[in-house]
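Novice: I'm passing along start_27.cif; it holds mmCIF, C-alpha atoms.
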```cif
data_input
#
loop_
_atom_site.label_atom_id
_atom_site.label_comp_id
_atom_site.auth_asym_id
_atom_site.auth_seq_id
_atom_site.Cartn_x
_atom_site.Cartn_y
_atom_site.Cartn_z
CA MET Z 1 0.00 0.00 0.00
CA SER Z 2 1.34 3.47 -0.91
CA LYS Z 3 2.32 5.93 1.76
CA PRO Z 4 0.08 8.93 2.32
CA ALA Z 5 1.59 12.07 0.83
CA LEU Z 6 1.63 15.82 1.42
CA VAL Z 7 1.93 18.12 -1.61
CA LEU Z 8 3.37 21.51 -0.62
CA ASP Z 9 2.85 24.61 -2.77
CA ASN Z 10 4.97 27.77 -2.93
CA SER Z 11 2.84 29.71 -0.43
CA ILE Z 12 3.61 27.28 2.41
CA LEU Z 13 7.21 26.59 1.35
CA SER Z 14 7.99 30.33 1.28
CA ALA Z 15 6.29 30.92 4.63
CA LEU Z 16 8.18 28.01 6.25
CA PHE Z 17 11.45 29.31 4.81
CA ALA Z 18 10.85 32.87 5.98
CA SER Z 19 10.01 31.67 9.50
CA GLY Z 20 13.07 29.47 9.92
CA TRP Z 21 10.96 26.30 9.86
CA PHE Z 22 11.94 25.09 6.43
CA ASP Z 23 12.99 21.64 7.59
CA ALA Z 24 9.87 21.10 9.72
CA PRO Z 25 8.21 18.82 7.10
CA SER Z 26 11.02 16.30 7.69
CA PHE Z 27 9.05 15.42 10.84
CA TYR Z 28 6.58 13.51 8.67
CA ARG Z 29 9.20 11.23 7.13
CA PRO Z 30 9.31 8.28 6.77
CA ASP Z 31 5.61 7.71 7.44
CA ARG Z 32 4.55 10.16 4.78
CA LEU Z 33 5.92 11.31 1.47
CA VAL Z 34 6.43 15.05 1.09
CA LEU Z 35 6.02 15.97 -2.56
CA ILE Z 36 6.96 19.21 -4.30
CA SER Z 37 6.34 19.62 -8.01
CA ASP Z 38 9.35 20.46 -10.14
CA ARG Z 39 7.59 23.61 -11.39
CA VAL Z 40 7.05 24.86 -7.86
CA TRP Z 41 10.59 24.00 -6.80
CA ASN Z 42 12.54 25.07 -9.90
CA ARG Z 43 10.47 28.05 -11.09
CA GLU Z 44 8.67 29.48 -8.08
CA PHE Z 45 10.62 28.67 -4.97
CA SER Z 46 14.34 27.94 -5.32
CA PRO Z 47 15.24 30.81 -7.73
CA TYR Z 48 14.03 33.31 -5.12
CA HIS Z 49 15.38 31.68 -1.97
CA GLU Z 50 18.92 30.89 -0.96
CA ILE Z 51 18.68 27.14 -1.26
CA GLU Z 52 21.50 25.15 -2.78
CA SER Z 53 19.81 21.80 -3.23
CA GLU Z 54 16.54 19.99 -2.80
CA PRO Z 55 15.86 19.06 0.86
CA ALA Z 56 16.35 15.43 1.83
CA TRP Z 57 12.84 15.32 3.30
CA ALA Z 58 11.10 16.15 0.02
CA THR Z 59 10.67 14.44 -3.30
CA VAL Z 60 10.72 16.93 -6.15
CA GLN Z 61 8.65 15.34 -8.85
CA GLU Z 62 7.62 16.22 -12.38
CA ALA Z 63 3.85 16.62 -12.81
CA ASP Z 64 1.90 15.80 -15.95
CA LEU Z 65 -0.14 18.93 -16.65
CA GLU Z 66 -1.78 17.24 -19.63
CA SER Z 67 -3.59 14.96 -17.18
CA VAL Z 68 -5.52 17.89 -15.71
CA GLN Z 69 -8.89 18.44 -17.37
CA THR Z 70 -10.58 21.77 -16.72
CA GLN Z 71 -12.44 24.56 -18.48
CA ALA Z 72 -11.10 27.43 -16.39
CA LEU Z 73 -7.39 26.68 -16.62
CA GLY Z 74 -6.61 30.32 -15.92
CA GLN Z 75 -7.86 30.32 -12.35
CA LEU Z 76 -4.54 28.84 -11.28
CA SER Z 77 -0.94 29.12 -12.48
CA LYS Z 78 0.95 26.25 -14.07
CA PRO Z 79 2.85 25.63 -10.81
CA ASP Z 80 -0.53 25.49 -8.97
CA TRP Z 81 -1.92 23.03 -11.48
CA SER Z 82 1.24 20.95 -11.09
CA CYS Z 83 0.34 20.58 -7.37
CA ILE Z 84 -3.13 19.41 -8.38
CA ALA Z 85 -1.67 17.03 -10.97
CA LEU Z 86 0.78 15.55 -8.44
CA ALA Z 87 -1.99 15.04 -5.89
CA GLU Z 88 -4.34 13.49 -8.45
CA GLY Z 89 -1.58 11.24 -9.78
CA ALA Z 90 -0.42 10.00 -6.36
CA LYS Z 91 -1.56 6.51 -5.43
CA GLY Z 92 -2.16 6.83 -1.67
CA ASP Z 93 -4.08 9.40 0.38
CA THR Z 94 -2.73 12.77 -0.65
CA THR Z 95 -3.27 16.20 0.87
CA VAL Z 96 -2.56 19.52 -0.84
CA VAL Z 97 -1.08 21.92 1.71
CA THR Z 98 -1.49 25.59 0.82
CA ASN Z 99 -2.44 28.95 2.28
CA ASP Z 100 -3.85 30.18 -1.03
CA LYS Z 101 -7.65 30.25 -1.10
CA ALA Z 102 -8.02 29.73 -4.84
CA LEU Z 103 -5.72 26.72 -4.97
CA ARG Z 104 -7.43 25.19 -1.93
CA GLU Z 105 -10.89 25.74 -3.44
CA VAL Z 106 -9.89 24.08 -6.70
CA ALA Z 107 -8.33 21.13 -4.85
CA ILE Z 108 -11.48 20.58 -2.79
CA ARG Z 109 -13.71 20.99 -5.85
CA ARG Z 110 -11.70 18.21 -7.47
CA ASN Z 111 -12.30 15.94 -4.46
CA LEU Z 112 -8.76 16.20 -3.18
CA ASP Z 113 -7.91 16.58 0.50
CA ALA Z 114 -6.63 20.04 1.33
CA GLU Z 115 -5.07 21.47 4.46
CA TRP Z 116 -4.42 25.10 5.30
CA GLY Z 117 -0.68 25.69 5.52
CA THR Z 118 -1.26 27.32 8.89
CA HIS Z 119 -3.06 24.22 10.16
CA PHE Z 120 -0.10 22.18 8.95
CA VAL Z 121 2.25 24.44 10.94
CA ILE Z 122 0.16 24.16 14.12
CA ARG Z 123 -0.14 20.41 13.71
CA THR Z 124 3.61 20.11 13.24
CA PHE Z 125 4.30 22.33 16.24
CA THR Z 126 1.93 20.51 18.60
CA ALA Z 127 3.38 17.16 17.48
CA CYS Z 128 6.89 18.47 18.32
CA GLY Z 129 8.08 18.88 14.71
CA ILE Z 130 8.82 22.51 15.60
CA THR Z 131 10.26 23.24 19.06
CA ILE Z 132 8.76 25.85 21.36
CA SER Z 133 11.76 28.16 20.97
CA GLU Z 134 11.74 27.76 17.15
CA PHE Z 135 8.03 28.50 17.11
CA GLU Z 136 8.36 31.58 19.30
CA GLU Z 137 11.23 32.85 17.18
CA GLY Z 138 9.48 32.38 13.83
CA VAL Z 139 5.78 32.94 14.48
CA GLY Z 140 5.93 36.72 14.01
CA THR Z 141 7.61 36.37 10.64
CA TYR Z 142 5.19 33.62 9.64
CA LEU Z 143 2.19 35.79 10.43
CA SER Z 144 3.58 38.75 8.54
CA ASP Z 145 4.19 36.51 5.50
CA VAL Z 146 0.79 34.81 5.68
CA THR Z 147 -1.65 37.66 6.23
CA LEU Z 148 -4.57 36.32 8.28
CA PRO Z 149 -7.51 37.88 10.15
CA THR Z 150 -6.55 39.09 13.65
CA GLU Z 151 -8.49 36.38 15.50
CA VAL Z 152 -6.76 33.65 13.47
CA ALA Z 153 -3.34 35.27 13.92
CA ASP Z 154 -3.96 35.49 17.69
CA ALA Z 155 -5.01 31.84 17.82
CA VAL Z 156 -1.83 30.82 15.97
CA ARG Z 157 0.37 33.00 18.19
CA HIS Z 158 -1.11 31.48 21.34
CA THR Z 159 -1.07 27.84 20.27
CA ASP Z 160 -0.32 25.56 23.23
CA LYS Z 161 1.85 22.53 22.82
CA MET C 1 -7.30 52.40 -8.02
CA ALA C 2 -7.69 48.66 -8.53
CA ASN C 3 -10.97 47.83 -6.77
CA ALA C 4 -11.61 44.29 -5.60
CA GLN C 5 -14.62 42.00 -5.95
CA PRO C 6 -13.48 38.40 -6.48
CA GLY C 7 -15.61 35.29 -6.24
CA ARG C 8 -17.76 32.87 -8.28
CA ASP C 9 -17.11 29.32 -9.38
CA VAL C 10 -15.74 29.48 -12.91
CA SER C 11 -14.89 25.84 -13.42
CA GLN C 12 -18.00 25.04 -15.44
CA ARG C 13 -18.03 28.09 -17.66
CA GLY C 14 -17.34 27.81 -21.40
CA PRO C 15 -14.48 29.69 -23.02
CA ALA C 16 -16.00 30.51 -26.42
CA GLU C 17 -17.47 33.90 -25.59
CA TYR C 18 -14.28 35.15 -23.94
CA LEU C 19 -11.79 34.51 -26.75
CA ASP C 20 -12.02 37.92 -28.42
CA PRO C 21 -10.99 40.67 -26.00
CA LEU C 22 -12.46 43.38 -28.24
CA ALA C 23 -15.93 41.80 -28.50
CA PRO C 24 -17.40 43.39 -25.32
CA LEU C 25 -16.00 46.75 -26.35
CA SER C 26 -17.60 46.55 -29.76
CA SER C 27 -21.09 45.91 -28.38
CA GLN C 28 -20.84 48.60 -25.67
CA PHE C 29 -19.56 51.16 -28.19
CA GLN C 30 -22.44 50.34 -30.48
CA GLN C 31 -24.87 51.15 -27.64
CA LEU C 32 -23.11 54.43 -26.91
CA LYS C 33 -23.17 55.36 -30.58
CA SER C 34 -26.86 54.61 -30.88
CA MET C 35 -27.46 57.25 -28.19
CA LEU C 36 -25.67 59.79 -30.35
CA GLU C 37 -28.07 59.18 -33.24
CA PHE C 38 -30.62 61.28 -31.37
CA VAL C 39 -28.29 64.27 -31.33
CA PHE C 40 -26.32 64.23 -34.58
CA ASP C 41 -27.40 64.15 -38.20
CA ASP C 42 -24.27 62.16 -38.98
CA HIS C 43 -22.73 60.95 -35.74
CA GLU C 44 -20.24 58.68 -37.54
CA GLU C 45 -18.70 61.62 -39.37
CA PHE C 46 -18.65 63.74 -36.20
CA LEU C 47 -16.89 60.99 -34.23
CA GLN C 48 -14.47 60.28 -37.06
CA ASP C 49 -13.41 63.93 -37.35
CA LEU C 50 -13.19 64.37 -33.60
CA THR C 51 -11.08 61.25 -32.99
CA ASP C 52 -8.82 62.04 -35.97
CA ASP C 53 -8.08 65.49 -34.56
CA ILE C 54 -7.54 64.23 -31.03
CA LEU C 55 -5.26 61.40 -32.13
CA ALA C 56 -3.25 63.81 -34.29
CA LEU C 57 -2.09 65.63 -31.15
CA PRO C 58 1.19 64.62 -29.47
CA PRO C 59 0.59 62.73 -26.19
CA GLU C 60 1.46 65.64 -23.89
CA GLU C 61 -1.34 67.66 -25.53
CA ARG C 62 -3.70 64.78 -26.20
CA PHE C 63 -3.90 63.85 -22.53
CA THR C 64 -4.25 67.43 -21.28
CA MET C 65 -5.97 69.48 -24.03
CA SER C 66 -8.39 67.17 -25.85
CA HIS C 67 -11.33 68.84 -24.10
CA GLU C 68 -10.55 71.92 -26.24
CA VAL C 69 -10.75 69.83 -29.42
CA LEU C 70 -14.15 68.53 -28.32
CA ARG C 71 -15.35 72.05 -27.55
CA GLU C 72 -14.25 73.30 -30.99
CA HIS C 73 -16.00 70.43 -32.76
CA VAL C 74 -19.20 70.94 -30.79
CA GLU C 75 -19.17 74.68 -31.54
CA ASP C 76 -18.57 74.00 -35.25
CA GLN C 77 -21.52 71.65 -35.35
CA PHE C 78 -23.99 73.42 -33.05
CA GLY C 79 -22.83 77.02 -32.81
CA SER C 80 -22.15 76.84 -29.07
CA THR C 81 -21.83 74.32 -26.26
CA ASP C 82 -25.04 75.70 -24.72
CA ALA C 83 -26.92 75.00 -27.95
CA PHE C 84 -25.53 71.46 -27.91
CA THR C 85 -26.61 70.94 -24.29
CA ALA C 86 -30.10 72.19 -25.14
CA ILE C 87 -30.70 69.48 -27.75
CA LEU C 88 -29.38 66.58 -25.68
CA PRO C 89 -31.99 63.88 -25.08
CA GLU C 90 -34.13 64.51 -22.04
CA SER C 91 -32.06 63.03 -19.30
CA ASN C 92 -30.27 64.11 -16.18
CA PRO C 93 -26.66 65.03 -17.12
CA ALA C 94 -25.65 64.39 -13.53
CA LYS C 95 -26.39 60.71 -14.14
CA LEU C 96 -23.93 60.49 -17.04
CA PRO C 97 -20.82 59.77 -14.92
CA ALA C 98 -22.61 56.95 -13.08
CA PHE C 99 -23.80 55.55 -16.41
CA LEU C 100 -20.32 55.68 -17.93
CA GLU C 101 -18.75 54.18 -14.82
CA GLN C 102 -21.19 51.32 -15.13
CA VAL C 103 -20.32 50.86 -18.82
CA PHE C 104 -16.58 50.80 -18.09
CA ASP C 105 -17.11 48.44 -15.16
CA THR C 106 -19.10 46.07 -17.39
CA LEU C 107 -16.35 46.21 -20.02
CA LEU C 108 -13.75 45.51 -17.36
CA THR C 109 -15.69 42.54 -16.00
CA ASP C 110 -16.27 41.08 -19.46
CA VAL C 111 -12.71 41.43 -20.68
CA LEU C 112 -11.28 39.95 -17.48
CA GLU C 113 -13.27 36.75 -18.00
CA GLY C 114 -10.73 35.92 -20.70
CA VAL C 115 -8.12 35.46 -17.97
CA PHE C 116 -9.80 32.18 -17.00
CA PHE C 117 -9.57 30.69 -20.47
CA HIS C 118 -6.25 31.92 -21.87
CA ARG C 119 -2.90 30.91 -20.48
CA ASN C 120 -1.29 34.20 -21.54
CA PRO C 121 -4.09 36.75 -22.07
CA GLN C 122 -1.96 39.84 -22.67
CA ASP C 123 -4.55 41.70 -24.75
CA HIS C 124 -7.20 41.06 -22.09
CA LEU C 125 -4.90 42.41 -19.38
CA ALA C 126 -3.93 45.49 -21.39
CA LEU C 127 -7.62 46.23 -22.06
CA ALA C 128 -8.41 45.66 -18.38
CA ALA C 129 -5.78 48.28 -17.52
CA LEU C 130 -7.30 50.59 -20.11
CA PHE C 131 -10.89 50.17 -18.86
CA GLN C 132 -9.74 50.57 -15.26
CA THR C 133 -8.08 53.83 -16.33
CA LEU C 134 -11.35 55.01 -17.86
CA GLU C 135 -13.33 53.99 -14.79
CA TYR C 136 -10.84 55.81 -12.59
CA SER C 137 -11.08 58.92 -14.76
CA ILE C 138 -14.82 59.07 -14.03
CA ARG C 139 -14.14 58.90 -10.31
CA ARG C 140 -11.43 61.57 -10.61
CA LEU C 141 -13.85 63.86 -12.43
CA ASP C 142 -16.03 63.70 -9.34
CA GLU C 143 -13.13 64.10 -6.90
CA VAL C 144 -11.20 67.05 -8.35
CA GLU C 145 -12.41 70.51 -7.47
CA ASP C 146 -11.14 73.08 -9.95
CA GLN C 147 -12.21 73.26 -13.59
CA GLU C 148 -8.68 73.06 -14.99
CA ALA C 149 -8.07 69.74 -13.24
CA LYS C 150 -11.45 68.48 -14.45
CA ASN C 151 -10.48 69.45 -18.00
CA ARG C 152 -7.22 67.51 -17.77
CA VAL C 153 -9.05 64.41 -16.50
CA ALA C 154 -11.67 64.76 -19.25
CA SER C 155 -8.86 65.08 -21.81
CA SER C 156 -7.29 61.81 -20.68
CA MET C 157 -10.67 60.14 -20.98
CA LEU C 158 -11.27 61.60 -24.44
CA ALA C 159 -7.80 60.57 -25.60
CA ILE C 160 -8.39 56.96 -24.58
CA LEU C 161 -11.94 56.83 -25.96
CA SER C 162 -10.65 58.22 -29.25
CA ARG C 163 -8.05 55.47 -29.38
CA LEU C 164 -10.73 52.85 -28.74
CA GLN C 165 -12.96 54.29 -31.45
CA HIS C 166 -10.01 54.19 -33.86
CA ILE C 167 -9.17 50.59 -32.92
CA LEU C 168 -12.74 49.43 -33.43
CA ALA C 169 -12.90 51.12 -36.82
CA ASP C 170 -9.79 49.16 -37.88
CA SER C 171 -11.01 45.79 -36.51
CA PRO C 172 -7.49 44.55 -35.72
CA GLU C 173 -6.79 40.92 -34.90
CA SER C 174 -4.89 41.89 -31.78
CA LEU C 175 -4.61 44.99 -29.65
CA PRO C 176 -2.34 47.54 -31.36
CA ALA C 177 0.69 48.99 -29.59
CA GLU C 178 -0.93 52.46 -29.54
CA ALA C 179 -3.56 51.21 -27.09
CA ILE C 180 -0.82 50.15 -24.69
CA TRP C 181 1.04 53.44 -25.08
CA ASP C 182 -2.17 55.40 -24.48
CA THR C 183 -3.05 53.37 -21.40
CA ALA C 184 0.38 54.17 -20.00
CA TYR C 185 -0.04 57.88 -20.78
CA GLY C 186 -3.56 57.88 -19.32
CA LEU C 187 -2.36 56.24 -16.12
CA HIS C 188 0.48 58.73 -15.85
CA TYR C 189 -1.58 61.86 -16.39
CA LEU C 190 -4.45 60.69 -14.18
CA THR C 191 -2.22 59.79 -11.26
CA THR C 192 0.15 62.76 -11.20
CA GLU C 193 -2.21 64.72 -8.96
CA ASP C 194 -3.89 62.02 -6.88
CA SER C 195 -2.72 60.50 -3.60
CA GLY C 196 -2.25 56.93 -4.90
CA PRO C 197 0.73 55.27 -6.56
CA ASP C 198 2.25 57.22 -9.48
CA PHE C 199 2.84 55.82 -12.93
CA PRO C 200 6.02 56.91 -14.73
CA ASN C 201 5.79 59.18 -17.76
CA PRO C 202 6.21 56.85 -20.75
CA VAL C 203 8.24 59.44 -22.66
CA GLY C 204 11.70 58.03 -23.37
CA THR C 205 10.69 54.55 -22.24
CA SER C 206 10.94 51.51 -24.52
CA PHE C 207 7.74 49.85 -25.68
CA ASP C 208 8.69 46.61 -23.93
CA GLU C 209 9.02 48.44 -20.63
CA VAL C 210 5.73 50.30 -21.10
CA LYS C 211 3.98 47.06 -22.00
CA GLU C 212 5.44 45.39 -18.91
CA HIS C 213 4.00 48.18 -16.72
CA VAL C 214 0.57 48.04 -18.34
CA ILE C 215 0.34 44.23 -18.28
CA GLY C 216 1.59 44.24 -14.69
CA PHE C 217 -1.16 46.68 -13.73
CA GLY C 218 -3.69 44.55 -15.62
CA ALA C 219 -2.56 41.52 -13.61
CA VAL C 220 -3.12 43.43 -10.35
CA ILE C 221 -6.65 44.32 -11.52
CA ALA C 222 -7.25 40.69 -12.50
CA TYR C 223 -6.17 39.52 -9.04
CA ALA C 224 -8.27 42.17 -7.33
CA ARG C 225 -11.43 41.29 -9.25
CA LEU C 226 -11.15 37.58 -10.00
CA ASP C 227 -10.93 34.50 -7.83
CA ILE C 228 -7.46 33.52 -9.04
CA SER C 229 -4.46 32.37 -7.04
CA LEU C 230 -1.56 34.60 -6.07
CA SER C 231 0.72 32.43 -8.18
CA ARG C 232 -1.61 32.96 -11.18
CA GLY C 233 -1.47 36.72 -10.64
CA ALA C 234 2.32 36.54 -10.69
CA GLU C 235 2.24 34.38 -13.81
CA LEU C 236 0.00 36.92 -15.58
CA ALA C 237 2.33 39.76 -14.60
CA GLY C 238 5.41 37.78 -15.62
CA VAL C 239 7.06 38.28 -12.23
CA SER C 240 7.83 36.16 -9.17
CA SER C 241 5.21 35.67 -6.45
CA GLU C 242 7.29 37.91 -4.15
CA GLU C 243 7.39 40.72 -6.72
CA PHE C 244 3.67 40.35 -7.37
CA ARG C 245 2.93 40.62 -3.65
CA ALA C 246 4.96 43.83 -3.59
CA ASN C 247 2.86 45.12 -6.51
CA LEU C 248 -0.35 44.24 -4.64
CA ASP C 249 0.96 46.14 -1.62
CA ARG C 250 1.33 49.29 -3.76
CA TYR C 251 -2.44 49.23 -4.31
CA ASP C 252 -3.38 48.09 -0.78
CA ILE C 253 -4.61 44.74 -2.04
CA GLU C 254 -4.09 41.86 0.37
CA PRO C 255 -3.20 38.39 -0.87
CA ARG C 256 -6.14 36.03 -0.47
CA PHE C 257 -4.73 33.64 2.09
CA GLY C 258 -6.80 31.67 4.53
CA PRO C 259 -8.37 30.62 6.72
CA ASN C 260 -10.86 33.38 7.46
CA SER C 261 -11.73 32.22 10.96
CA VAL C 262 -10.46 30.04 13.78
CA ALA C 263 -13.29 27.57 13.12
CA GLU C 264 -12.19 27.32 9.49
CA LEU C 265 -8.59 26.80 10.57
CA TYR C 266 -9.52 23.61 12.37
CA GLU C 267 -12.18 22.34 9.97
CA ASP C 268 -9.62 20.30 8.01
CA GLY C 269 -9.65 17.79 10.86
CA ILE C 270 -6.31 16.27 9.88
CA ASP C 271 -4.48 14.92 12.91
CA GLU C 272 -1.36 12.90 13.41
#
```
The structure in this file should be written as structure tokens.

Specialist:
Amino acid sequence: MSKPALVLDNSILSALFASGWFDAPSFYRPDRLVLISDRVWNREFSPYHEIESEPAWATVQEADLESVQTQALGQLSKPDWSCIALAEGAKGDTTVVTNDKALREVAIRRNLDAEWGTHFVIRTFTACGITISEFEEGVGTYLSDVTLPTEVADAVRHTDK
Amino acid sequence: MANAQPGRDVSQRGPAEYLDPLAPLSSQFQQLKSMLEFVFDDHEEFLQDLTDDILALPPEERFTMSHEVLREHVEDQFGSTDAFTAILPESNPAKLPAFLEQVFDTLLTDVLEGVFFHRNPQDHLALAALFQTLEYSIRRLDEVEDQEAKNRVASSMLAILSRLQHILADSPESLPAEAIWDTAYGLHYLTTEDSGPDFPNPVGTSFDEVKEHVIGFGAVIAYARLDISLSRGAELAGVSSEEFRANLDRYDIEPRFGPNSVAELYEDGIDE
């Protein structure tokens, strides 16, 4: 049976990087696969961040955009669609992790599991994938990168482990 | 300047009616022209002469003095502007700005639909920037106090409308470069005196750079008004997501990240 997988988009990768939590997804290995599409990694993320190589905890994988059937292709970018294509092509349970509303809506509309990037962060923190000191150090930066309503930002800031 | 109103499920909509970016313009212009039939013996000839004279002006005059060209043409045709006003159809002139704003808003909405069905809808984005400029000019007419400033705003509007009239008369297959230049000039002249972000004077700038500015502004409008992802906005603008976010900041547009509430944050129900 295939392992469940997480597909991370640029919005969550960039927010994790900015907050100093970039390696937090390694917490989910080896029980889960962490997938990043090659379009997201090579065109959206790595050219704009000081990253020398792909992280050991992630599998950067080519996505077949031709497999995606839709009328309104222009609601999402090609890197977004590559996240959808990866998730739809994966064999096990797969969750698209993003903070972007449009990408999340499309994923859900296509019967994929989706998780808010911020929920992913909280889940990782409470499960000890991010330490208390790392969380306290990075949460301000995270919340300035991922603009959220005040009540949500307060809830994130005051998450108990 | 880029007002927001995203939403609506577009996944089941068909692309056919959104392929030609000039189609909505053509039908709206036809409606506007039919209104002129009540006033002019030969409205086509009047419009042709007026737009030819306006477009013959260099940009620095076209976007500041076109109201004078209109006044001269009206006086030639009717003797005086008062005589022209007297024969206008029975309607409240105060309602005209609201009517035009609605027309430009409809054009903007229609042309932006193309963004959903084209991977690289540059003509749609350039026209969106142009219609947004026209819509903004109506609002500026209402905001500015002194008559000279009103005249300059009206001149920018006339310059752009003249360009559109000229484009429609030519029926081009794609949007001509002049429309992009004129959008850039319109944005520059309309924003030199307001409190929002300025647009650089296109004089001395290469066409590629001007086009980049106009398309980039069109992408901001598309993001503000359509339910597209941030990454799609960046793709339309031809910049990175970080650069696109910086562009959104210039216009006080927030990226659409979620969740919206604490309840929504936990509704995913995924636990380790």

Novice: Compute the chain Z side of the contact with chain C at 10 Å, counting only C-alpha atoms, and hand it back as a PyMOL selection string.

Specialist: chain Z and resi 9-11+14+28+40+43-45+47-48+70-81+95+98-106+109+113-120+122-124+126-127+145-156

Novice: So the first atom is atom CA of Z:Asn111 and the second is atom CA of Z:Lys91; what is the distance between them in Å, to one decimal place?

Specialist: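 A separation of 14.3 Å between them.
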
Novice: Quick one: residues within 10 Å of C:Thr106, all atoms listed in the file counted, chain neighbours fewer than 3 positions away excluded, as a list in words?

Specialist: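 My list of contacting residues is Pro24, Leu25, Gln28, Leu100, Glu101, Gln102, Val103, Thr109, Asp110, Val111, Leu112 and Phe131 of chain C.
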
Novice: Going by the chain IDs and residue numbers used in this file, which residues fall under the PyMOL selection byres ((chain C and resi 147-162) around 7)? Write them as a list of chain:residue names.

Specialist: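 What the PyMOL selection byres ((chain C and resi 147-162) around 7) grabs from the file is C:Thr51, C:Ile54, C:Leu55, C:Arg62, C:Phe63, C:Thr64, C:Met65, C:Ser66, C:His67, C:Leu134, C:Ser137, C:Arg140, C:Leu141, C:Val144, C:Glu145, C:Asp146, C:Arg163, C:Leu164, C:Gln165, C:His166, C:Asp182, C:Gly186, C:Leu190.
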
Novice: Smallest atom-to-atom distance to C:Ile180: which of C:Ser80, C:Ser27, C:Ser206, C:Ser195, using all atoms listed in the file?

Specialist: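 The answer is C:Ser206, which sits nearest to C:Ile180.
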
Novice: Please compute the atom CA of C:Ala56-atom CA of C:Gln122 distance, one decimal, in Å.

Specialist: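 These atoms are spaced 26.7 Å apart.
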
Novice: Quick one: distance from atom CA of C:Arg71 to atom CA of C:Glu178 in Å, one decimal?

Specialist: 24.4 Å

Novice: Would you kindly return, as a PyMOL selection string, each protein, DNA or RNA residue with an atom no farther than 8 Å from any atom of Z:Glu62, considering all atoms listed in the file and excluding same-chain residues fewer than 3 positions away?

Specialist: chain Z and resi 37-39+86

Novice: Pull out every residue that the PyMOL selection byres ((chain Z and resi 56) around 10) matches in the shown coordinates and put them as a PDB file with C-alpha atoms, keeping the file's coordinate frame.

Specialist:
```
ATOM      1  CA  ASP Z  23      12.990  21.640   7.590  1.00  0.00           C
ATOM      2  CA  SER Z  26      11.020  16.300   7.690  1.00  0.00           C
ATOM      3  CA  ARG Z  29       9.200  11.230   7.130  1.00  0.00           C
ATOM      4  CA  VAL Z  34       6.430  15.050   1.090  1.00  0.00           C
ATOM      5  CA  SER Z  53      19.810  21.800  -3.230  1.00  0.00           C
ATOM      6  CA  GLU Z  54      16.540  19.990  -2.800  1.00  0.00           C
ATOM      7  CA  PRO Z  55      15.860  19.060   0.860  1.00  0.00           C
ATOM      8  CA  TRP Z  57      12.840  15.320   3.300  1.00  0.00           C
ATOM      9  CA  ALA Z  58      11.100  16.150   0.020  1.00  0.00           C
ATOM     10  CA  THR Z  59      10.670  14.440  -3.300  1.00  0.00           C
ATOM     11  CA  VAL Z  60      10.720  16.930  -6.150  1.00  0.00           C
TER      12      VAL Z  60
END
```

Novice: List as a ChimeraX atom specification the protein and nucleic acid residues near Z:Gly140, meaning an atom at most 8 Å away when all atoms listed in the file are counted, but skip any in the same chain fewer than 3 places from it.

Specialist: /Z:19,136-137,143-144,157

Novice: Could you expand the PyMOL selection byres ((chain C and resi 126-129) around 9) into the explicit residues it covers here, written as an NGL selection string?

Specialist: :C and (21-22 or 107-109 or 111-112 or 121-125 or 130-134 or 175 or 179-180 or 183-184 or 187 or 211 or 214-219 or 221-222)

Novice: Could you pull out every residue with an atom within 8 Å of (2.9, 8.9, 2.1), file coordinates, counting only C-alpha atoms, and send them as an MDAnalysis selection string?

Specialist: chainID Z and resid 2:6 30:34 92:94

Novice: With all atoms listed in the file counted, which protein, DNA or RNA residues have an atom no more than 8 Å from (-3.6, 11.3, -12.7) in the file frame? Please answer as a short mmCIF file (atom, residue, chain, number, x, y, z; two decimals) with C-alpha atoms, in the frame of the given file.

Specialist:
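Done, and the output landed in result_12.cif:
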```cif
data_model
loop_
_atom_site.label_atom_id
_atom_site.label_comp_id
_atom_site.auth_asym_id
_atom_site.auth_seq_id
_atom_site.Cartn_x
_atom_site.Cartn_y
_atom_site.Cartn_z
CA ASP Z 64 1.90 15.80 -15.95
CA SER Z 67 -3.59 14.96 -17.18
CA VAL Z 68 -5.52 17.89 -15.71
CA ALA Z 85 -1.67 17.03 -10.97
CA LEU Z 86 0.78 15.55 -8.44
CA ALA Z 87 -1.99 15.04 -5.89
CA GLU Z 88 -4.34 13.49 -8.45
CA GLY Z 89 -1.58 11.24 -9.78
CA ALA Z 90 -0.42 10.00 -6.36
#
```
